[in-house]
Each structure stands twice: as C-alpha cells, then as structure tokens.
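Visitor: Enclosed is the structure file start-v4.csv (CSV, N, CA and C atoms and all ligand atoms).
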chain,number,residue,atom,x,y,z
H,1,MET,N,51.1,3.1,-53.2
H,1,MET,CA,50.5,3.5,-52.0
H,1,MET,C,51.4,4.5,-51.3
H,2,LYS,N,50.8,5.6,-50.8
H,2,LYS,CA,51.6,6.6,-50.1
H,2,LYS,C,51.1,6.8,-48.7
H,3,MET,N,52.1,6.7,-47.8
H,3,MET,CA,51.8,6.9,-46.4
H,3,MET,C,52.4,8.2,-45.9
H,4,GLU,N,51.5,9.1,-45.5
H,4,GLU,CA,52.0,10.4,-45.0
H,4,GLU,C,51.8,10.5,-43.5
H,5,LYS,N,52.8,10.9,-42.9
H,5,LYS,CA,52.7,11.2,-41.4
H,5,LYS,C,52.2,12.6,-41.2
H,6,LEU,N,51.4,12.7,-40.2
H,6,LEU,CA,50.8,14.1,-39.9
H,6,LEU,C,51.9,15.1,-39.4
H,7,ASP,N,52.8,14.6,-38.7
H,7,ASP,CA,53.8,15.5,-38.1
H,7,ASP,C,55.1,15.6,-39.0
H,8,LYS,N,54.9,15.3,-40.3
H,8,LYS,CA,56.1,15.3,-41.1
H,8,LYS,C,56.9,16.6,-41.2
H,9,ARG,N,56.2,17.7,-41.1
H,9,ARG,CA,56.9,19.0,-41.2
H,9,ARG,C,57.7,19.4,-39.9
H,10,ILE,N,57.3,18.8,-38.8
H,10,ILE,CA,57.9,19.1,-37.6
H,10,ILE,C,58.7,17.9,-37.1
H,11,PRO,N,60.0,17.9,-37.2
H,11,PRO,CA,60.8,16.8,-36.8
H,11,PRO,C,60.7,16.6,-35.3
H,12,GLN,N,60.4,15.4,-34.8
H,12,GLN,CA,60.3,15.2,-33.4
H,12,GLN,C,61.6,14.5,-32.9
H,13,ARG,N,62.1,14.9,-31.8
H,13,ARG,CA,63.3,14.4,-31.2
H,13,ARG,C,63.0,13.9,-29.8
H,14,THR,N,63.8,13.0,-29.3
H,14,THR,CA,63.6,12.5,-27.9
H,14,THR,C,64.7,13.0,-27.1
H,15,CYS,N,64.4,13.5,-25.9
H,15,CYS,CA,65.4,13.9,-24.9
H,15,CYS,C,66.2,12.7,-24.4
H,16,VAL,N,67.5,12.9,-24.3
H,16,VAL,CA,68.3,11.8,-23.7
H,16,VAL,C,68.1,11.6,-22.2
H,17,GLY,N,67.5,12.7,-21.6
H,17,GLY,CA,67.3,12.6,-20.2
H,17,GLY,C,65.9,12.1,-19.8
H,18,CYS,N,64.9,12.9,-20.1
H,18,CYS,CA,63.5,12.5,-19.7
H,18,CYS,C,62.8,11.6,-20.7
H,19,ARG,N,63.4,11.5,-21.9
H,19,ARG,CA,62.8,10.6,-23.0
H,19,ARG,C,61.5,11.2,-23.5
H,20,GLU,N,61.3,12.5,-23.3
H,20,GLU,CA,60.1,13.1,-23.9
H,20,GLU,C,60.3,13.4,-25.3
H,21,SER,N,59.3,13.2,-26.2
H,21,SER,CA,59.4,13.6,-27.6
H,21,SER,C,58.8,14.9,-27.8
H,22,ARG,N,59.5,15.8,-28.5
H,22,ARG,CA,58.9,17.1,-28.8
H,22,ARG,C,59.6,17.6,-30.1
H,23,ASP,N,59.1,18.8,-30.5
H,23,ASP,CA,59.6,19.5,-31.6
H,23,ASP,C,61.1,19.7,-31.4
H,24,LYS,N,61.9,19.4,-32.4
H,24,LYS,CA,63.3,19.5,-32.3
H,24,LYS,C,63.9,20.8,-31.9
H,25,SER,N,63.2,21.9,-32.3
H,25,SER,CA,63.7,23.2,-32.0
H,25,SER,C,63.6,23.6,-30.5
H,26,THR,N,62.9,22.7,-29.7
H,26,THR,CA,62.9,23.0,-28.2
H,26,THR,C,64.0,22.3,-27.5
H,27,PHE,N,64.8,21.6,-28.2
H,27,PHE,CA,65.9,20.9,-27.6
H,27,PHE,C,67.3,21.5,-27.9
H,28,ILE,N,68.2,21.3,-27.0
H,28,ILE,CA,69.6,21.6,-27.3
H,28,ILE,C,70.2,20.4,-28.0
H,29,ARG,N,70.9,20.6,-29.1
H,29,ARG,CA,71.5,19.6,-29.8
H,29,ARG,C,72.9,19.3,-29.2
H,30,LEU,N,73.2,18.1,-29.0
H,30,LEU,CA,74.5,17.7,-28.5
H,30,LEU,C,75.2,17.0,-29.7
H,31,ALA,N,76.5,17.4,-29.9
H,31,ALA,CA,77.2,16.8,-31.0
H,31,ALA,C,78.7,16.6,-30.6
H,32,LEU,N,79.4,15.8,-31.4
H,32,LEU,CA,80.8,15.5,-31.1
H,32,LEU,C,81.7,16.5,-31.8
H,33,GLN,N,82.6,17.0,-31.0
H,33,GLN,CA,83.7,17.9,-31.5
H,33,GLN,C,85.0,17.4,-31.0
H,34,ASP,N,85.9,17.0,-31.9
H,34,ASP,CA,87.2,16.4,-31.5
H,34,ASP,C,87.0,15.3,-30.4
H,35,GLY,N,86.0,14.5,-30.7
H,35,GLY,CA,85.7,13.3,-29.8
H,35,GLY,C,85.1,13.6,-28.5
H,36,ARG,N,84.7,14.9,-28.3
H,36,ARG,CA,84.1,15.3,-27.1
H,36,ARG,C,82.7,15.8,-27.3
H,37,VAL,N,81.8,15.5,-26.3
H,37,VAL,CA,80.4,15.9,-26.5
H,37,VAL,C,80.2,17.4,-26.1
H,38,VAL,N,79.7,18.2,-27.0
H,38,VAL,CA,79.5,19.6,-26.7
H,38,VAL,C,78.1,20.0,-27.1
H,39,CYS,N,77.6,21.2,-26.6
H,39,CYS,CA,76.3,21.7,-27.0
H,39,CYS,C,76.5,22.4,-28.3
H,40,ASP,N,75.7,21.9,-29.3
H,40,ASP,CA,75.8,22.5,-30.6
H,40,ASP,C,74.7,23.5,-30.8
H,41,VAL,N,74.8,24.6,-30.2
H,41,VAL,CA,73.7,25.6,-30.1
H,41,VAL,C,73.4,26.1,-31.5
H,42,ASP,N,74.4,26.3,-32.3
H,42,ASP,CA,74.1,26.8,-33.7
H,42,ASP,C,73.9,25.8,-34.7
H,43,CYS,N,73.8,24.5,-34.3
H,43,CYS,CA,73.6,23.4,-35.2
H,43,CYS,C,74.5,23.4,-36.4
H,44,LYS,N,75.8,23.7,-36.1
H,44,LYS,CA,76.8,23.7,-37.2
H,44,LYS,C,77.8,22.6,-37.2
H,45,ILE,N,77.6,21.7,-36.2
H,45,ILE,CA,78.5,20.5,-36.2
H,45,ILE,C,77.8,19.4,-36.9
H,46,ASN,N,78.5,18.9,-38.0
H,46,ASN,CA,77.9,17.8,-38.7
H,46,ASN,C,78.0,16.5,-37.9
H,47,GLY,N,77.3,15.5,-38.4
H,47,GLY,CA,77.4,14.2,-37.8
H,47,GLY,C,76.3,13.8,-36.9
H,48,ARG,N,76.6,12.8,-36.1
H,48,ARG,CA,75.6,12.3,-35.2
H,48,ARG,C,75.3,13.3,-34.1
H,49,GLY,N,74.0,13.4,-33.8
H,49,GLY,CA,73.7,14.3,-32.7
H,49,GLY,C,72.7,13.6,-31.7
H,50,ALA,N,72.6,14.2,-30.5
H,50,ALA,CA,71.7,13.8,-29.5
H,50,ALA,C,70.9,15.0,-29.1
H,51,TYR,N,69.8,14.8,-28.5
H,51,TYR,CA,69.0,16.0,-28.1
H,51,TYR,C,68.6,15.9,-26.6
H,52,ILE,N,68.6,17.1,-26.0
H,52,ILE,CA,68.3,17.2,-24.6
H,52,ILE,C,67.6,18.5,-24.3
H,53,CYS,N,66.6,18.4,-23.3
H,53,CYS,CA,65.9,19.6,-22.9
H,53,CYS,C,66.9,20.6,-22.4
H,54,PRO,N,66.6,21.9,-22.5
H,54,PRO,CA,67.6,22.9,-22.0
H,54,PRO,C,67.4,23.0,-20.5
H,55,ASN,N,67.6,22.0,-19.7
H,55,ASN,CA,67.7,22.1,-18.3
H,55,ASN,C,68.6,21.1,-17.7
H,56,THR,N,69.2,21.5,-16.5
H,56,THR,CA,70.2,20.6,-15.9
H,56,THR,C,69.6,19.3,-15.3
H,57,ASP,N,68.3,19.3,-15.0
H,57,ASP,CA,67.7,18.1,-14.5
H,57,ASP,C,67.8,17.0,-15.5
H,58,CYS,N,67.5,17.3,-16.8
H,58,CYS,CA,67.6,16.3,-17.9
H,58,CYS,C,69.0,15.9,-18.1
H,59,LEU,N,70.0,16.9,-18.0
H,59,LEU,CA,71.4,16.5,-18.1
H,59,LEU,C,71.8,15.5,-17.0
H,60,ASN,N,71.4,15.8,-15.8
H,60,ASN,CA,71.7,14.9,-14.7
H,60,ASN,C,71.1,13.5,-14.9
H,61,MET,N,69.9,13.5,-15.4
H,61,MET,CA,69.2,12.2,-15.7
H,61,MET,C,70.0,11.4,-16.8
H,62,ALA,N,70.4,12.2,-17.8
H,62,ALA,CA,71.1,11.6,-18.9
H,62,ALA,C,72.5,11.1,-18.5
H,63,LEU,N,73.1,11.8,-17.6
H,63,LEU,CA,74.4,11.4,-17.1
H,63,LEU,C,74.3,10.1,-16.3
H,64,LYS,N,73.3,10.1,-15.4
H,64,LYS,CA,73.0,9.0,-14.6
H,64,LYS,C,72.8,7.7,-15.4
H,65,LYS,N,72.0,7.9,-16.4
H,65,LYS,CA,71.6,6.7,-17.3
H,65,LYS,C,72.6,6.4,-18.3
H,66,ARG,N,73.7,7.3,-18.4
H,66,ARG,CA,74.7,7.1,-19.4
H,66,ARG,C,74.1,7.1,-20.8
H,67,SER,N,73.0,7.8,-21.0
H,67,SER,CA,72.4,7.7,-22.3
H,67,SER,C,73.0,8.6,-23.4
H,68,ILE,N,73.8,9.6,-23.0
H,68,ILE,CA,74.5,10.4,-24.0
H,68,ILE,C,75.6,9.6,-24.7
H,69,GLY,N,76.4,8.9,-24.0
H,69,GLY,CA,77.4,8.0,-24.6
H,69,GLY,C,76.7,7.0,-25.5
H,70,ARG,N,75.6,6.4,-25.1
H,70,ARG,CA,74.9,5.5,-25.9
H,70,ARG,C,74.4,6.1,-27.2
H,71,ALA,N,73.9,7.4,-27.1
H,71,ALA,CA,73.4,8.0,-28.3
H,71,ALA,C,74.5,8.3,-29.4
H,72,PHE,N,75.7,8.3,-28.9
H,72,PHE,CA,76.8,8.5,-29.9
H,72,PHE,C,77.4,7.1,-30.1
H,73,LYS,N,78.4,6.8,-29.5
H,73,LYS,CA,79.1,5.5,-29.6
H,73,LYS,C,79.9,5.3,-28.4
H,74,THR,N,80.3,4.1,-28.1
H,74,THR,CA,81.1,3.9,-26.9
H,74,THR,C,82.5,4.6,-27.1
H,75,GLY,N,82.9,5.1,-26.0
H,75,GLY,CA,84.2,5.7,-26.0
H,75,GLY,C,84.3,7.2,-26.2
H,76,VAL,N,83.1,7.9,-26.3
H,76,VAL,CA,83.2,9.3,-26.4
H,76,VAL,C,83.5,9.9,-25.0
H,77,HIS,N,84.1,11.1,-25.1
H,77,HIS,CA,84.5,11.7,-23.9
H,77,HIS,C,83.4,12.7,-23.5
H,78,ILE,N,82.8,12.5,-22.3
H,78,ILE,CA,81.8,13.4,-21.8
H,78,ILE,C,82.3,14.2,-20.7
H,79,ASP,N,82.5,15.5,-20.9
H,79,ASP,CA,83.0,16.4,-19.9
H,79,ASP,C,81.8,17.0,-19.2
H,80,GLU,N,81.4,16.3,-18.1
H,80,GLU,CA,80.2,16.6,-17.4
H,80,GLU,C,80.1,18.1,-16.9
H,81,ASP,N,81.3,18.6,-16.4
H,81,ASP,CA,81.3,20.0,-15.9
H,81,ASP,C,81.1,21.0,-17.1
H,82,LEU,N,81.7,20.7,-18.2
H,82,LEU,CA,81.5,21.6,-19.4
H,82,LEU,C,80.1,21.6,-19.8
H,83,LEU,N,79.5,20.4,-19.9
H,83,LEU,CA,78.1,20.3,-20.4
H,83,LEU,C,77.2,21.0,-19.4
H,84,LYS,N,77.4,20.8,-18.1
H,84,LYS,CA,76.6,21.5,-17.0
H,84,LYS,C,76.7,23.0,-17.2
H,85,ARG,N,77.9,23.5,-17.4
H,85,ARG,CA,78.1,25.0,-17.5
H,85,ARG,C,77.3,25.5,-18.7
H,86,GLU,N,77.5,24.8,-19.8
H,86,GLU,CA,76.8,25.2,-21.1
H,86,GLU,C,75.3,25.2,-20.9
H,87,ILE,N,74.8,24.1,-20.4
H,87,ILE,CA,73.3,24.0,-20.3
H,87,ILE,C,72.8,25.0,-19.2
H,88,GLU,N,73.5,25.2,-18.2
H,88,GLU,CA,73.1,26.2,-17.2
H,88,GLU,C,73.1,27.6,-17.8
H,89,SER,N,74.0,27.9,-18.7
H,89,SER,CA,74.1,29.2,-19.3
H,89,SER,C,72.9,29.4,-20.2
H,90,ILE,N,72.6,28.4,-21.0
H,90,ILE,CA,71.4,28.5,-21.9
H,90,ILE,C,70.1,28.6,-21.1
H,91,GLU,N,70.1,27.8,-20.0
H,91,GLU,CA,68.9,27.8,-19.1
H,91,GLU,C,68.7,29.2,-18.6
H,92,GLY,N,69.8,29.9,-18.2
H,92,GLY,CA,69.7,31.2,-17.6
H,92,GLY,C,69.3,32.2,-18.7
H,93,LYS,N,69.8,32.0,-19.9
H,93,LYS,CA,69.4,33.0,-21.0
H,93,LYS,C,67.9,32.8,-21.3
H,94,ILE,N,67.4,31.6,-21.3
H,94,ILE,CA,66.0,31.4,-21.6
H,94,ILE,C,65.1,32.0,-20.5
H,95,ARG,N,65.6,31.9,-19.3
H,95,ARG,CA,64.8,32.5,-18.2
H,95,ARG,C,64.8,34.0,-18.2
H,96,SER,N,65.9,34.6,-18.6
H,96,SER,CA,66.0,36.0,-18.6
H,96,SER,C,65.5,36.6,-20.0
H,97,GLY,N,65.1,35.7,-20.9
H,97,GLY,CA,64.5,36.2,-22.1
H,97,GLY,C,65.5,36.6,-23.2
H,98,SER,N,66.8,36.4,-22.9
H,98,SER,CA,67.8,36.8,-23.9
H,98,SER,C,68.2,35.7,-24.8
H,99,PHE,N,67.5,34.6,-24.8
H,99,PHE,CA,67.8,33.5,-25.7
H,99,PHE,C,66.9,33.6,-26.9
H,100,HIS,N,67.5,33.6,-28.1
H,100,HIS,CA,66.8,33.8,-29.3
H,100,HIS,C,66.6,32.5,-30.1
H,101,GLY,N,66.7,31.4,-29.4
H,101,GLY,CA,66.4,30.2,-30.1
H,101,GLY,C,67.6,29.6,-30.8
H,102,PHE,N,67.4,28.4,-31.2
H,102,PHE,CA,68.5,27.7,-31.9
H,102,PHE,C,68.4,27.9,-33.4
H,103,HIS,N,69.6,28.0,-34.0
H,103,HIS,CA,69.6,28.2,-35.5
H,103,HIS,C,69.5,26.8,-36.1
H,104,SER,N,68.4,26.5,-36.7
H,104,SER,CA,68.3,25.2,-37.2
H,104,SER,C,68.5,25.1,-38.7
H,105,HIS,N,69.1,26.1,-39.3
H,105,HIS,CA,69.4,26.0,-40.7
H,105,HIS,C,70.8,26.4,-41.0
K,1,ZN,ZN,64.3,16.2,-21.0
How would this structure read if it were set down as structure tokens?
Ligand SMILES: [Zn+2]
Guide:
Amino acid sequence: MKMEKLDKRIPQRTCVGCRESRDKSTFIRLALQDGRVVCDVDCKINGRGAYICPNTDCLNMALKKRSIGRAFKTGVHIDEDLLKREIESIEGKIRSGSFHGFHSH
C-alpha cells in the first residue's frame, strides 16, 4: 500500500515564532555555526535547522518563548542582537524589492 501526501513536493516548515506552517522557501533558515545561531540565508550550513518568518515580530516571539534554543539543543548560544540585525536587514531588502529569495539548493 502506498500513501502519498498531496503536498509532498513543497516541504512545509513551521515558524519558531508564530508557529505558522508554510512553504519552506518563505522562511529564513536558522542554523548553528560554531555553536552560535545564525541566519543561514544561502542554506549552506549543514545540520540541524530551524525556520522563522522574515520579520522581527516572529523573532521577538521566538526569543520570548525560547523556542529557538529548543529547536536546536540546550546550551546553544543565541546572540539576540546579531539575529535582530540580520532579520531586520533581510526584512528591509524584501520591502525594497532587492531580495532575490533564498537559495535552497
Ligand atoms: Zn512567524
């Protein structure tokens, strides 16, 4: 017996902030680099990842709920100011139309 999911071709991810599920390409991937959580805009960092909407509201929600740390493992270093700057910059690029999407391959 074969079970096929309708949305098989579009991987869905859940935002660590608002918990909304959407197409993975609409999220910023967060990944671990040297034990620190960074925005993996080019999707070039291997390993565990978390996904967040490209806006600072979701980042603030995720920080408040400590869901970024949970998405990885206990003891990761979360540089809140660095993440805020990175997401603000991506948010600004999207707004001004100079953001060309995430490289997902
Ligand atoms: Zn969100």
Visitor: At a cut-off of 7 Å, can you tabulate as JSON lines every residue of chain H near ligand ZN 1 (chain K) together with its closest atom pair and the distance in Å to one decimal, using all atoms listed in the file and ordering rows by chain then number?
Guide:
{"residue": "H:Thr14", "atom": "C", "partner": "K:ZN1", "partner_atom": "ZN", "distance": 6.9}
{"residue": "H:Cys15", "atom": "CA", "partner": "K:ZN1", "partner_atom": "ZN", "distance": 4.7}
{"residue": "H:Val16", "atom": "N", "partner": "K:ZN1", "partner_atom": "ZN", "distance": 5.7}
{"residue": "H:Gly17", "atom": "C", "partner": "K:ZN1", "partner_atom": "ZN", "distance": 4.6}
{"residue": "H:Cys18", "atom": "N", "partner": "K:ZN1", "partner_atom": "ZN", "distance": 3.5}
{"residue": "H:Arg19", "atom": "N", "partner": "K:ZN1", "partner_atom": "ZN", "distance": 4.9}
{"residue": "H:Glu20", "atom": "N", "partner": "K:ZN1", "partner_atom": "ZN", "distance": 5.3}
{"residue": "H:Ile52", "atom": "C", "partner": "K:ZN1", "partner_atom": "ZN", "distance": 5.2}
{"residue": "H:Cys53", "atom": "N", "partner": "K:ZN1", "partner_atom": "ZN", "distance": 3.9}
{"residue": "H:Pro54", "atom": "N", "partner": "K:ZN1", "partner_atom": "ZN", "distance": 6.3}
{"residue": "H:Asn55", "atom": "N", "partner": "K:ZN1", "partner_atom": "ZN", "distance": 6.8}
{"residue": "H:Asp57", "atom": "C", "partner": "K:ZN1", "partner_atom": "ZN", "distance": 6.6}
{"residue": "H:Cys58", "atom": "CA", "partner": "K:ZN1", "partner_atom": "ZN", "distance": 4.5}
{"residue": "H:Leu59", "atom": "N", "partner": "K:ZN1", "partner_atom": "ZN", "distance": 6.5}
Visitor: Can you check which residues of chain H DSSP gives as alpha helix (DSSP H) on the backbone and send them as a ChimeraX atom specification?
Guide: /H:56-65,67-71,80-96
Visitor: Tell me, as a count of residues only, which residues lie within 8 Å of Arg22 of chain H, counting only C-alpha atoms; anything in the same chain fewer than 4 positions away does not count.
Guide: 4
Visitor: What is the atom CA of Arg85 of chain H-atom CA of Lys64 of chain H distance in Å, reported with one decimal?
Guide: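 The value is 17.0 Å.
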Visitor: For Leu32 of chain H, find every residue with an atom within 7 Å (counting all atoms listed in the file), except residues of its own chain fewer than 5 positions away, and show them as a PyMOL selection string.
Guide: chain H and resi 37-38+45-49
Visitor: Could you turn the residues from that selection into a file that holds N, CA and C atoms, as a compact mmCIF listing (two decimals), keeping the file's coordinate frame?
Guide:
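part08.txt written:
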# COMPACT_ATOMS: atom_id res chain seq x y z
N VAL H 37 81.80 15.50 -26.30
CA VAL H 37 80.40 15.90 -26.50
C VAL H 37 80.20 17.40 -26.10
N VAL H 38 79.70 18.20 -27.00
CA VAL H 38 79.50 19.60 -26.70
C VAL H 38 78.10 20.00 -27.10
N ILE H 45 77.60 21.70 -36.20
CA ILE H 45 78.50 20.50 -36.20
C ILE H 45 77.80 19.40 -36.90
N ASN H 46 78.50 18.90 -38.00
CA ASN H 46 77.90 17.80 -38.70
C ASN H 46 78.00 16.50 -37.90
N GLY H 47 77.30 15.50 -38.40
CA GLY H 47 77.40 14.20 -37.80
C GLY H 47 76.30 13.80 -36.90
N ARG H 48 76.60 12.80 -36.10
CA ARG H 48 75.60 12.30 -35.20
C ARG H 48 75.30 13.30 -34.10
N GLY H 49 74.00 13.40 -33.80
CA GLY H 49 73.70 14.30 -32.70
C GLY H 49 72.70 13.60 -31.70
Visitor: Which value, in Å to one decimal, gives the distance between atom N of Arg36 of chain H and atom N of His77 of chain H?
Guide: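 Distance reported for this atom pair: 5.0 Å.
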Visitor: DSSP on the backbone, then: every residue of chain H marked strand (DSSP E), written as a PyMOL selection string.
Guide: chain H and resi 12-14+21-23+28-33+36-39+49-52
Visitor: How many Å lie between atom CA of Ile78 of chain H and atom CA of Val41 of chain H, rounded to one decimal?
Guide: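 Distance between the two atoms: 16.8 Å.
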Visitor: Ranking H:Ile68, H:Ile94, H:Ile10, H:Met61 by minimum distance to Arg29 of chain H and counting only C-alpha atoms, which one comes first?
Guide: H:Ile68
